[in-house]
file my_file-v9.txt (compact mmCIF, C-alpha atoms)
# COMPACT_ATOMS: atom_id res chain seq x y z
CA MET M 17 168.19 -160.27 37.28
CA LYS M 18 165.90 -157.87 39.12
CA ARG M 19 163.15 -157.52 36.57
CA GLY M 20 160.92 -160.55 36.68
CA TYR M 21 159.69 -160.27 33.13
CA MET M 22 163.10 -161.05 31.80
CA LYS M 23 162.88 -164.57 33.21
CA LYS M 24 159.60 -165.38 31.50
CA GLN M 25 159.08 -166.11 27.85
CA ARG M 26 159.95 -163.04 25.84
CA ILE M 27 158.89 -162.13 22.36
CA VAL M 28 160.86 -159.27 20.88
CA ILE M 29 159.58 -157.26 17.93
CA TRP M 30 162.29 -155.27 16.18
CA PRO M 31 161.14 -152.40 13.95
CA SER M 32 161.42 -153.25 10.27
CA SER M 33 159.97 -150.31 8.36
CA VAL M 34 162.11 -149.85 5.23
CA ILE M 35 162.53 -146.08 5.64
CA TYR M 36 163.46 -146.51 9.30
CA ILE M 37 166.13 -149.08 8.44
CA PHE M 38 167.44 -146.84 5.66
CA LEU M 39 167.70 -143.85 8.02
CA ILE M 40 169.37 -145.94 10.72
CA PHE M 41 171.84 -147.08 8.07
CA ILE M 42 172.55 -143.44 7.10
CA LEU M 43 173.00 -142.51 10.77
CA GLY M 44 175.42 -145.41 11.24
CA LEU M 45 177.26 -144.45 8.08
CA PHE M 46 177.62 -140.88 9.34
CA ALA M 47 178.98 -142.09 12.69
CA LEU M 48 181.43 -144.47 11.02
CA ALA M 49 182.56 -141.85 8.52
CA PHE M 50 183.18 -139.33 11.28
CA PHE M 51 185.30 -141.83 13.23
CA VAL M 52 187.33 -142.70 10.14
CA PHE M 53 187.75 -139.08 9.15
CA SER M 54 188.71 -137.96 12.66
CA PHE M 55 191.71 -140.31 12.54
CA TYR M 56 192.44 -139.25 8.98
CA THR M 57 192.70 -135.61 10.10
CA LEU M 58 194.98 -136.65 12.97
CA PHE M 59 197.56 -138.20 10.66
CA TYR M 60 197.04 -136.67 7.22
CA GLY M 61 194.85 -133.61 7.82
CA GLU M 62 195.45 -130.51 5.76
CA PRO M 63 194.32 -127.03 6.92
CA ILE M 64 190.54 -126.85 6.75
CA LYS M 65 188.27 -123.84 6.72
CA ILE M 66 185.12 -124.32 8.75
CA PHE M 67 182.23 -122.81 6.78
CA ASP M 68 184.81 -120.90 4.76
CA ILE M 69 185.48 -118.70 7.77
CA ILE M 70 187.75 -120.13 10.46
CA GLU M 71 190.88 -121.91 9.36
CA VAL M 72 191.85 -124.87 11.51
CA LYS M 73 195.44 -125.92 10.93
CA ASN M 74 196.17 -127.95 14.02
CA ASN M 75 195.56 -131.67 13.48
CA ILE M 76 194.71 -132.28 17.11
CA VAL M 77 192.06 -129.55 17.07
CA GLN M 78 190.60 -131.05 13.87
CA PHE M 79 190.63 -134.49 15.47
CA SER M 80 188.95 -133.21 18.65
CA ILE M 81 186.11 -131.63 16.66
CA PHE M 82 185.53 -134.78 14.61
CA ILE M 83 185.77 -137.28 17.42
CA LEU M 84 183.20 -135.36 19.50
CA ILE M 85 180.73 -135.38 16.63
CA ALA M 86 181.49 -139.04 15.90
CA CYS M 87 180.78 -140.02 19.51
CA MET M 88 177.53 -138.08 19.50
CA MET M 89 176.38 -139.74 16.28
CA ALA M 90 177.42 -143.18 17.54
CA PHE M 91 175.41 -142.63 20.72
CA PHE M 92 172.25 -141.73 18.79
CA PHE M 93 172.84 -144.65 16.44
CA MET M 94 173.11 -147.15 19.30
CA LYS M 95 170.04 -145.70 21.02
CA GLN M 96 167.96 -146.08 17.87
CA LEU M 97 169.33 -149.51 17.16
CA SER M 98 168.25 -150.82 20.54
CA PHE M 99 164.63 -149.72 20.13
CA LYS M 100 162.15 -152.62 20.22
CA ILE M 101 158.92 -153.83 21.79
CA ILE M 102 159.02 -156.80 24.15
CA PHE M 103 156.13 -159.01 25.23
CA ASN M 104 156.05 -161.54 28.04
CA ASP M 105 153.06 -163.51 29.29
CA GLU M 106 151.34 -160.45 30.75
CA PHE M 107 153.16 -157.26 29.86
CA LEU M 108 154.27 -155.16 26.93
CA PHE M 109 157.52 -153.26 27.37
CA ALA M 110 159.11 -150.55 25.26
CA PRO M 111 162.19 -148.50 26.09
CA ARG M 112 162.29 -144.76 26.54
CA ILE M 113 163.48 -142.96 23.44
CA SER M 114 164.38 -139.29 23.36
CA SER M 115 161.59 -136.93 22.29
CA MET M 116 159.21 -139.61 21.03
CA GLN M 117 158.73 -141.70 24.15
CA ARG M 118 159.65 -139.90 27.32
CA HIS M 119 159.39 -142.87 29.71
CA ASN M 120 159.91 -146.62 29.62
CA ILE M 121 156.57 -148.22 28.76
CA ARG M 122 155.24 -151.13 30.78
CA LEU M 123 151.64 -152.07 30.08
CA ARG M 124 149.60 -154.93 31.55
CA CYS M 125 147.91 -156.23 28.41
CA ASN M 126 144.71 -157.58 29.98
CA GLU M 127 143.84 -154.16 31.42
CA LEU M 128 143.80 -152.44 28.05
CA ILE M 129 140.33 -151.96 26.68
CA GLU M 130 140.66 -149.73 23.64
CA PHE M 131 143.15 -148.53 21.08
CA ARG M 132 143.45 -146.06 18.24
CA VAL M 133 146.27 -145.15 15.91
CA LEU M 134 147.34 -141.51 15.90
CA GLN M 135 148.78 -140.75 12.49
CA PRO M 136 151.60 -138.22 12.21
CA LEU M 137 151.03 -134.87 10.52
CA SER M 138 147.36 -135.64 10.32
CA LYS M 139 145.03 -132.71 10.82
CA ASP M 140 142.60 -134.97 12.66
CA ASN M 141 145.02 -136.14 15.30
CA GLY M 142 147.58 -133.40 15.13
CA VAL M 143 150.78 -135.11 16.23
CA ILE M 144 154.25 -135.28 14.72
CA TYR M 145 154.95 -138.85 15.65
CA GLN M 146 152.89 -141.95 15.03
CA TYR M 147 151.46 -143.44 18.20
CA LEU M 148 149.35 -146.34 19.24
CA GLU M 149 147.08 -144.86 21.89
CA LEU M 150 146.02 -147.47 24.41
CA LYS M 151 143.27 -146.88 26.94
CA TYR M 152 142.89 -148.53 30.35
CA ALA M 153 139.54 -149.33 31.95
CA ASP M 154 140.00 -146.45 34.41
CA GLY M 155 140.36 -144.02 31.50
CA LYS M 156 144.13 -143.69 31.72
CA ILE M 157 145.77 -143.41 28.30
CA LYS M 158 149.26 -144.53 27.27
CA LYS M 159 150.96 -143.72 24.01
CA LEU M 160 153.29 -146.17 22.31
CA TRP M 161 155.57 -144.83 19.56
CA ILE M 162 155.10 -147.11 16.54
CA LYS M 163 156.47 -145.18 13.56
CA PRO M 164 159.45 -147.54 12.98
CA PHE M 165 157.10 -150.54 12.71
CA THR M 166 155.29 -151.70 9.60
CA LYS M 167 151.51 -151.95 9.45
CA LYS M 168 151.78 -155.73 9.72
CA GLN M 169 153.94 -155.43 12.80
CA VAL M 170 151.48 -153.06 14.46
CA GLU M 171 148.69 -155.55 13.72
CA ARG M 172 150.85 -158.25 15.28
CA ILE M 173 151.38 -156.09 18.38
CA LEU M 174 147.61 -155.59 18.68
CA ASN M 175 147.01 -159.32 18.21
CA MET M 176 149.51 -160.13 20.91
CA ILE M 177 147.81 -157.70 23.31
CA GLN M 178 144.50 -159.43 22.53
CA GLU M 179 146.00 -162.88 23.07
CA ARG M 180 147.04 -161.68 26.53
CA GLY M 181 143.50 -160.66 27.44
CA GLY M 182 143.34 -157.04 26.30
CA LEU M 183 141.29 -155.23 23.64
CA GLN M 184 138.59 -157.89 23.83
CA ASN M 185 135.71 -155.77 22.57
CA GLN M 186 137.36 -154.00 19.68
CA LYS M 187 138.06 -155.12 16.13
CA LEU M 188 141.77 -154.92 15.44
CA HIS M 189 141.32 -153.04 12.20
CA ILE M 190 143.83 -150.27 11.62
CA MET S 9 143.05 -158.13 3.04
CA HIS S 10 144.98 -155.02 4.06
CA THR S 11 143.54 -151.63 3.23
CA ASP S 12 145.03 -148.18 3.66
CA SER S 13 142.25 -145.71 2.94
CA THR S 14 144.08 -142.74 4.50
CA GLY S 15 147.40 -143.39 2.80
CA TYR S 16 149.32 -142.82 6.03
CA TRP S 17 150.68 -146.35 6.19
CA PHE S 18 151.85 -145.98 2.62
CA GLY S 19 153.86 -142.89 3.51
CA LEU S 20 151.64 -139.84 3.05
CA ASP S 21 153.11 -138.30 6.20
CA ASP S 22 156.63 -138.94 4.90
CA ALA S 23 155.74 -137.24 1.62
CA ILE S 24 154.28 -134.22 3.44
CA ALA S 25 157.35 -133.91 5.68
CA PHE S 26 159.75 -134.26 2.74
CA THR S 27 157.93 -131.62 0.70
CA VAL S 28 157.79 -129.11 3.54
CA GLY S 29 161.44 -129.72 4.41
CA ALA S 30 162.57 -129.45 0.80
CA VAL S 31 160.61 -126.26 0.07
CA ALA S 32 161.72 -124.62 3.32
CA GLY S 33 165.33 -125.64 2.62
CA ALA S 34 165.29 -124.10 -0.85
CA VAL S 35 163.48 -120.94 0.32
CA GLY S 36 165.95 -120.56 3.18
CA GLN S 37 168.83 -120.83 0.72
CA LEU S 38 167.22 -118.21 -1.54
CA ILE S 39 166.74 -115.72 1.31
CA SER S 40 170.29 -116.36 2.43
CA ASP S 41 171.63 -115.71 -1.09
CA MET S 42 169.54 -112.54 -1.40
CA ILE S 43 171.02 -111.19 1.83
CA THR S 44 174.50 -111.91 0.49
CA LEU S 45 173.59 -110.17 -2.78
CA SER S 46 172.38 -107.09 -0.94
CA ILE S 47 175.57 -106.92 1.17
CA THR S 48 178.21 -107.77 -1.42
CA GLY S 49 176.46 -107.05 -4.70
CA GLU S 50 177.42 -110.50 -5.92
CA TRP S 51 175.25 -113.55 -6.44
CA HIS S 52 176.80 -116.56 -4.77
CA GLY S 53 173.94 -119.00 -5.20
CA THR S 54 174.44 -122.09 -7.34
CA TRP S 55 171.98 -124.78 -8.41
CA GLU S 56 174.06 -127.26 -6.42
CA SER S 57 173.47 -125.41 -3.16
CA TYR S 58 169.71 -125.34 -3.86
CA VAL S 59 169.58 -129.06 -4.66
CA GLY S 60 171.62 -129.78 -1.53
CA ALA S 61 169.38 -127.64 0.69
CA ALA S 62 166.17 -129.09 -0.75
CA VAL S 63 167.14 -132.78 -0.68
CA GLY S 64 169.08 -132.54 2.59
CA TYR S 65 166.35 -130.79 4.53
CA GLY S 66 163.67 -132.93 2.88
CA ILE S 67 165.37 -136.06 4.18
CA GLY S 68 166.02 -134.29 7.47
CA ALA S 69 162.32 -133.59 7.91
CA VAL S 70 161.41 -137.24 7.18
CA SER S 71 164.12 -138.36 9.58
CA THR S 72 162.49 -136.34 12.32
CA LEU S 73 159.41 -138.54 12.12
CA TYR S 74 161.49 -141.73 12.47
CA LEU S 75 164.48 -140.74 14.58
CA GLY S 76 163.36 -137.69 16.46
CA PRO S 77 164.62 -134.12 16.11
CA VAL S 78 168.19 -134.64 17.32
CA SER S 79 169.32 -137.50 15.06
CA GLY S 80 166.90 -136.58 12.32
CA PHE S 81 168.02 -133.05 11.86
CA ALA S 82 171.67 -133.86 12.35
CA ILE S 83 171.21 -136.01 9.25
CA GLY S 84 169.35 -133.21 7.48
CA GLY S 85 171.93 -130.53 8.25
CA GLY S 86 174.86 -132.79 7.41
CA LEU S 87 173.33 -134.05 4.16
CA SER S 88 172.34 -130.62 2.88
CA THR S 89 175.86 -129.26 3.34
CA PHE S 90 177.50 -132.43 2.01
CA MET S 91 175.27 -132.59 -1.07
CA GLY S 92 175.51 -128.89 -1.89
CA GLN S 93 179.26 -128.57 -1.48
CA GLY S 94 179.91 -132.08 -2.85
CA LEU S 95 178.01 -131.28 -6.06
CA GLN S 96 179.88 -127.98 -6.37
CA LYS S 97 183.17 -129.82 -6.00
CA LEU S 98 182.23 -132.42 -8.61
CA ASN S 99 181.17 -129.69 -11.05
CA GLY S 100 184.24 -127.59 -10.35
CA THR S 101 182.15 -124.67 -9.01
CA ASN S 102 184.40 -124.49 -5.95
CA ASP S 103 187.87 -125.70 -5.07
CA ARG S 104 187.28 -126.86 -1.52
CA SER S 105 189.07 -130.07 -0.59
CA TRP S 106 186.92 -133.11 0.20
CA GLY S 107 188.20 -132.74 3.75
CA ALA S 108 186.72 -129.26 3.99
CA VAL S 109 183.42 -130.47 2.49
CA PHE S 110 183.27 -133.28 4.98
CA LEU S 111 184.24 -131.07 7.89
CA ASN S 112 181.58 -128.51 7.01
CA SER S 113 179.00 -131.29 6.74
CA SER S 114 179.93 -132.80 10.05
CA ILE S 115 179.91 -129.42 11.77
CA SER S 116 176.43 -128.89 10.33
CA ALA S 117 175.35 -132.27 11.55
CA GLY S 118 177.01 -132.00 14.89
CA ARG S 119 176.39 -128.54 16.14
CA ASN S 120 173.40 -128.80 14.49
CA SER S 121 171.40 -126.06 14.58
CA TRP S 122 168.72 -128.65 14.20
CA SER S 123 169.19 -130.41 17.47
CA ALA S 124 169.67 -127.16 19.32
CA VAL S 125 167.42 -124.83 17.37
CA PHE S 126 164.71 -127.31 16.54
CA LYS S 127 164.51 -128.70 20.03
CA SER S 128 164.72 -125.45 21.94
CA GLY S 129 162.70 -123.44 19.43
CA LEU S 130 160.17 -125.69 17.84
CA THR S 131 159.27 -127.82 20.83
CA LYS S 132 158.85 -124.70 22.93
CA ILE S 133 156.37 -123.37 20.40
CA GLY S 134 154.52 -126.63 20.92
CA ASN S 135 154.26 -125.96 24.67
CA GLY S 136 157.24 -128.16 25.40
CA ASN S 137 155.45 -131.29 24.33
CA ALA S 138 156.37 -132.59 20.90
CA SER S 139 154.03 -135.53 21.18
CA SER S 140 151.00 -133.27 21.18
CA MET S 141 152.28 -130.65 18.75
CA SER S 142 149.73 -129.76 16.11
CA PHE S 143 150.13 -130.17 12.38
CA GLY S 144 150.07 -126.42 11.80
CA VAL S 145 152.66 -125.69 14.46
CA PHE S 146 154.94 -128.36 13.00
CA MET S 147 154.71 -126.86 9.53
CA LYS S 148 155.36 -123.32 10.73
CA GLY S 149 158.14 -124.44 13.02
CA LEU S 150 159.83 -126.59 10.40
CA GLY S 151 159.78 -123.86 7.77
CA SER S 152 160.89 -121.06 10.05
CA THR S 153 163.65 -123.17 11.60
CA ILE S 154 165.19 -124.06 8.25
CA ILE S 155 165.00 -120.47 7.02
CA ALA S 156 166.38 -119.15 10.32
CA ARG S 157 169.31 -121.54 10.02
CA HIS S 158 170.26 -120.10 6.65
CA LEU S 159 169.83 -116.54 7.88
CA VAL S 160 171.87 -117.04 11.03
CA GLY S 161 174.62 -118.73 9.04
CA ASN S 162 174.76 -115.87 6.57
CA ILE S 163 174.56 -113.05 9.06
CA GLY S 164 177.15 -114.82 11.24
CA LYS S 165 179.56 -115.04 8.31
CA GLY S 166 179.00 -111.36 7.47
CA VAL S 167 179.65 -110.28 11.05
CA PHE S 168 182.81 -112.42 11.23
CA ASP S 169 184.14 -111.13 7.90
CA GLY S 170 183.44 -107.52 8.86
CA THR S 171 185.04 -107.88 12.28
CA TYR S 172 188.07 -109.65 10.82
CA GLN S 173 188.56 -106.95 8.17
CA TRP S 174 188.18 -104.23 10.81
CA TRP S 175 190.81 -105.95 13.00
CA GLU S 176 193.13 -106.36 10.01
CA TYR S 177 192.69 -102.70 9.07
CA THR S 178 193.33 -101.36 12.58
CA SER S 179 196.22 -103.67 13.42
CA GLN S 180 198.03 -103.82 10.09
CA GLY S 181 196.88 -100.69 8.33
CA ASP S 182 195.35 -100.43 4.90
CA THR S 183 197.60 -103.04 3.27
CA GLN S 184 195.38 -103.42 0.23
CA GLY S 185 194.77 -99.72 -0.27
CA LEU S 186 191.02 -100.17 -0.06
CA GLY S 187 190.33 -97.49 2.52
CA TRP S 188 187.77 -97.81 5.27
CA ILE S 189 184.26 -96.77 4.50

call {"tool": "encode", "arguments": {"input": "my_file-v9.txt", "output": "structure tokens"}}
result
Amino acid sequence: MKRGYMKKQRIVIWPSSVIYIFLIFILGLFALAFFVFSFYTLFYGEPIKIFDIIEVKNNIVQFSIFILIACMMAFFFMKQLSFKIIFNDEFLFAPRISSMQRHNIRLRCNELIEFRVLQPLSKDNGVIYQYLELKYADGKIKKLWIKPFTKKQVERILNMIQERGGLQNQKLHI
Amino acid sequence: MHTDSTGYWFGLDDAIAFTVGAVAGAVGQLISDMITLSITGEWHGTWESYVGAAVGYGIGAVSTLYLGPVSGFAIGGGLSTFMGQGLQKLNGTNDRSWGAVFLNSSISAGRNSWSAVFKSGLTKIGNGNASSMSFGVFMKGLGSTIIARHLVGNIGKGVFDGTYQWWEYTSQGDTQGLGWI
């Protein structure tokens, strides 16, 4: 495997916020329902009016509409399901995730000197999504999307950064 | 001991998002029904459609915080249609088949408006960078997007109906003896 960090000891933190899990479940349910219903329309479909306007009689057309939507939902479901934060001996990794985290995150823990939590929809911080803002010694700032994690998990992430040599002069109080 | 003096960890942000989404969903439905009333002279709104719009878009707005605009608002659009039309079906207010209810919901979720409109509209308002979008911009964007969705849907239906009737009239004549105003 190319990436060296994969060979070292890895600690994976999966998001476990209750609302996040509930929404992922709904998303999965939508995807599954669309797959089931697309095949239902193929074999048993009756004429359907889309938004009470356009009547679709052809089963194959109905199937094509459903299967496209089902695939799209399944894709988003899988993307969300694979979101996690990974630690090895030195680095923290987090995958890119559409809209919230535009790039893959790879941070060397012992170079991080400061953090703050940006709360969503807060007038003080003014962001939609919840981020952990991490500052390097040279002033560079990286944002880590943490909304799907519980408060305890975020504290654990901060502790693990500290154990790896970062955030040495800051209390980990969030 | 864990403290949460701001309330954000407890879900204050979720509550704000749900409230804004729900109010905007219901207001959007009201404007949409008023446009229909002014065009047709008939009131088509039902309590089921208002509950569907409010709960669906409320959950949609919360989903945006956790899943991002694309998945989040697909859920919102799909749920609002499914709940509204599903409640109407259960109460006998309409006679759509469950297949039609489900298809309408999935079209809402899929096309959705939300992924396309929210992403292209709202994020552009926020200078193309959702991660730095301000609280105020989010609120304005969320509300206007939900309302715009209802308006576009309604106007679109009106245009289609009018065009279809015009085509029917010109190609088949005045079969119903209604005349052409």

call {"tool": "atom_distance", "arguments": {"input": "my_file-v9.txt", "atom1": "CA of Ile24 (chain S)", "atom2": "CA of Gly66 (chain S)"}}
result
9.5 Å

call {"tool": "residues_around", "arguments": {"input": "my_file-v9.txt", "residues": "region 100-106 of chain M", "least_positions_apart": "6", "cutoff": "7 Å", "atoms": "only C-alpha atoms", "output": "list in words"}}
result
Tyr21, Lys24, Gln25, Arg26, Ile27, Val28, Ile29, Trp30, Pro31, Arg124, Cys125 and Arg180 of chain M

call {"tool": "residues_near_point", "arguments": {"input": "my_file-v9.txt", "point": "(161.6, -134.9, 4.4)", "cutoff": "12 Å", "atoms": "all atoms listed in the file", "output": "PyMOL selection string"}}
result
(chain M and resi 35+39) or (chain S and resi 19-33+61-74+80-81+83-85+87-88+147+150-151)

call {"tool": "closest_residue", "arguments": {"input": "my_file-v9.txt", "among": "M:Phe59, M:Phe131, M:Tyr145, M:Phe109", "to": "chain S", "atoms": "all atoms listed in the file"}}
result
M:Tyr145

call {"tool": "residues_around", "arguments": {"input": "my_file-v9.txt", "residues": "Asn185 (chain M)", "least_positions_apart": "2", "cutoff": "8 Å", "atoms": "all atoms listed in the file", "output": "list in words"}}
result
Ile129, Glu130, Leu183 and Lys187 of chain M

call {"tool": "write_last_selection", "arguments": {"input": "my_file-v9.txt", "atoms": "C-alpha atoms", "output": "tab-separated table (two decimals), in the coordinates of the input"}}
result
chain	number	residue	atom	x	y	z
M	129	ILE	CA	140.33	-151.96	26.68
M	130	GLU	CA	140.66	-149.73	23.64
M	183	LEU	CA	141.29	-155.23	23.64
M	187	LYS	CA	138.06	-155.12	16.13

call {"tool": "closest_residue", "arguments": {"input": "my_file-v9.txt", "among": "M:Pro164, M:Ile85, M:Phe50, M:Gln135", "to": "Phe38 (chain M)", "atoms": "all atoms listed in the file"}}
result
M:Pro164

call {"tool": "closest_residue", "arguments": {"input": "my_file-v9.txt", "among": "M:Met176, M:Leu123, M:Leu108, M:Ile113", "to": "chain S", "atoms": "only C-alpha atoms"}}
result
M:Ile113

call {"tool": "closest_residue", "arguments": {"input": "my_file-v9.txt", "among": "S:Lys97, S:Val78, S:Asp103, S:Gly92", "to": "chain M", "atoms": "all atoms listed in the file"}}
result
S:Val78

call {"tool": "closest_residue", "arguments": {"input": "my_file-v9.txt", "among": "M:Leu58, M:Ile81, M:Ala86, M:Ile190", "to": "Leu43 (chain M)", "atoms": "only C-alpha atoms"}}
result
M:Ala86

call {"tool": "residues_around", "arguments": {"input": "my_file-v9.txt", "residues": "Ile40 (chain M)", "least_positions_apart": "3", "cutoff": "10 Å", "atoms": "only C-alpha atoms", "output": "list of chain:residue names"}}
result
M:Val34, M:Ile35, M:Tyr36, M:Ile37, M:Leu43, M:Gly44, M:Leu45, M:Phe46, M:Phe92, M:Phe93, M:Met94, M:Gln96, M:Leu97, S:Ser71, S:Tyr74, S:Leu75, S:Ser79, S:Gly80

call {"tool": "atom_distance", "arguments": {"input": "my_file-v9.txt", "atom1": "CA of Val59 (chain S)", "atom2": "CA of Gly107 (chain S)"}}
result
20.8 Å

call {"tool": "atom_distance", "arguments": {"input": "my_file-v9.txt", "atom1": "CA of Asp41 (chain S)", "atom2": "CA of Gln78 (chain M)"}}
result
28.6 Å

call {"tool": "closest_residue", "arguments": {"input": "my_file-v9.txt", "among": "M:Asn75, M:Ser32, M:Asn126, M:Gln146", "to": "chain S", "atoms": "all atoms listed in the file"}}
result
M:Gln146
